[in-house]
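**Q** Below is a structure I'd like to ask you about.
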Amino acid sequence: VQLQAYGGGLVQAGDSLRLSCAVSGCTFSRYPMGWFRQAPGKEREFVGAIDWSGGITAYTDSVNGRFTISRDNAKNTLNLQMNSLKPEDTAVYYCAADLSGRAFSTRNYRSRETYDLWGQGTLVTVSS
């Protein structure tokens with residue numbers, strides 16, 4: 001099973017960026033997925049999550065209204081549309097899969113420990 005995050009780059013404050021995560025080797029449509037990020041010198045933090053169907057999403061307060069998670073189960077792809085980017089959004093962004101499928105039923109979708117598989121991360125740098 002492999003998760004490959006991509007789409008990061010250097011942008012200016014106020015710009016938009018779209019991250020994607022290609023998933024292979026598993027039945028992608030079964031699993032809730034999450035996005036996390038880790039800024040230099042900080043712990044990895046929850047950004048958002050989406051249930052297996054794409055019908056339920058959740059976000060951390062700091063990105064709510066600016067970021068949108070979506071998934072294409074036919075293409076085994078997870079997306080993160082980031083708008084109105086701020087310098088404090090600068091971080092390495094990781095996608096993650098919850099193989100138990102219980103992230104939302106247990107309401108543990110914000111916890112790193114809920115996710116079993118992680119991508120390698122893609123760097124987003126927002127300049128002021």
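In the structure tokens, chains take the letters A, B, ... in the order shown, each chain's residues start at 1, and ligands count up from 1 in the order shown.
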So that I can check the surroundings of range 86-94 of chain A, please list as a PyMOL selection string every protein, DNA and RNA residue that reaches within 8 Å of it, counting only C-alpha atoms and ignoring chain neighbours fewer than 3 positions away.

**A** chain A and resi 5+12-14+35-40+118-128

**Q** As a ChimeraX atom specification, list the residues of range 5-95 of chain A assigned to helix (DSSP H, G or I) by DSSP on the backbone atoms of this structure.

**A** /A:28-30,87-89

**Q** Using the selection just defined, write its residues with C-alpha atoms as a tab-separated table (two decimals), in the first residue's frame.

**A**
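So the final result, stored in again32.tsv, reads:
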```tsv
chain	number	residue	atom	x	y	z
A	28	PHE	CA	-9.27	3.27	-1.30
A	29	SER	CA	-13.03	3.74	-1.22
A	30	ARG	CA	-13.33	1.87	2.08
A	87	PRO	CA	2.29	32.28	6.02
A	88	GLU	CA	1.23	30.22	9.05
A	89	ASP	CA	0.02	27.51	6.65
```

**Q** Give the strand (DSSP E) residues of chain A, as DSSP finds them on the backbone, and put them as number ranges by chain.

**A** A: 2-6, 9-12, 17-24, 33-38, 45-50, 57-59, 67-72, 77-82, 91-97, 117-118, 122-127

**Q** Tell me which of A:Ser16, A:Ser53, A:Thr106, A:Ser100 sits closest to Phe67 in chain A, counting only C-alpha atoms.

**A** A:Ser16

**Q** Give me, as a VMD selection string, all polymer residues having an atom no more than 10 Å from Leu78 in chain A, counting only C-alpha atoms and skipping those fewer than 5 positions away in the same chain.

**A** chain A and resid 3 to 5 19 to 23 28 33 to 35 50 54 69 to 73 95 to 96

**Q** Could you tell me which of A:Leu117, A:Ile56, A:Val1, A:Tyr6 comes closest to Leu80 in chain A if we count only C-alpha atoms?

**A**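 For Leu80 in chain A, the nearest of the candidates is A:Tyr6.
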
**Q** For a quick check of understanding, using only C-alpha atoms, which of A:Leu85, A:Tyr115, A:Arg110, A:Val11 has the smallest distance to Tyr59 in chain A?

**A**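 That would be A:Arg110, the residue with the smallest distance to Tyr59 in chain A.
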
**Q** Taking only C-alpha atoms into account, name the residue in A:Arg44, A:Asp15, A:Gly65, A:Ala97 that is nearest to Thr77 in chain A.

**A**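 Smallest separation from Thr77 in chain A among the options: A:Ala97.
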
**Q** Nearest to Trp52 in chain A among A:Asp116, A:Lys75, A:Gln81, A:Gly101, with distances taken over only C-alpha atoms: which residue is it?

**A** A:Gly101

**Q** Check the smallest atom-to-atom distance from each of A:Met82, A:Cys26, A:Ala74, A:Leu10 to Asp98 in chain A using only C-alpha atoms, then report the winner.

**A**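 The answer is A:Cys26, which sits nearest to Asp98 in chain A.
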
**Q** Taking 4 positions as the minimum chain separation for residues in the same chain, which residues sit within 7 Å of Thr60 in chain A when counting only C-alpha atoms? Answer as a ChimeraX atom specification.

**A** /A:46-48,64

**Q** What would the file look like if the residues just selected were written as a compact mmCIF listing (two decimals), in the first residue's frame with all heavy atoms?

**A**
```
# COMPACT_ATOMS: atom_id res chain seq x y z
N PHE A 46 -3.53 18.01 12.98
CA PHE A 46 -4.67 17.69 12.13
C PHE A 46 -5.07 18.90 11.30
O PHE A 46 -5.12 20.02 11.81
CB PHE A 46 -5.83 17.26 13.03
CG PHE A 46 -7.14 17.09 12.32
CD1 PHE A 46 -7.39 15.99 11.54
CD2 PHE A 46 -8.14 18.05 12.46
CE1 PHE A 46 -8.62 15.83 10.90
CE2 PHE A 46 -9.37 17.91 11.83
CZ PHE A 46 -9.60 16.78 11.06
N VAL A 47 -5.35 18.65 10.01
CA VAL A 47 -5.87 19.70 9.12
C VAL A 47 -7.32 19.42 8.79
O VAL A 47 -8.19 20.28 8.95
CB VAL A 47 -5.03 19.78 7.83
CG1 VAL A 47 -5.67 20.77 6.85
CG2 VAL A 47 -3.59 20.18 8.14
N GLY A 48 -7.59 18.21 8.32
CA GLY A 48 -8.95 17.86 7.96
C GLY A 48 -9.08 16.39 7.67
O GLY A 48 -8.08 15.68 7.54
N ASN A 64 -10.80 26.09 8.47
CA ASN A 64 -12.21 25.97 8.13
C ASN A 64 -12.67 27.19 7.33
O ASN A 64 -12.44 28.33 7.72
CB ASN A 64 -13.04 25.84 9.41
CG ASN A 64 -14.41 25.26 9.14
OD1 ASN A 64 -14.64 24.63 8.12
ND2 ASN A 64 -15.31 25.45 10.09
```
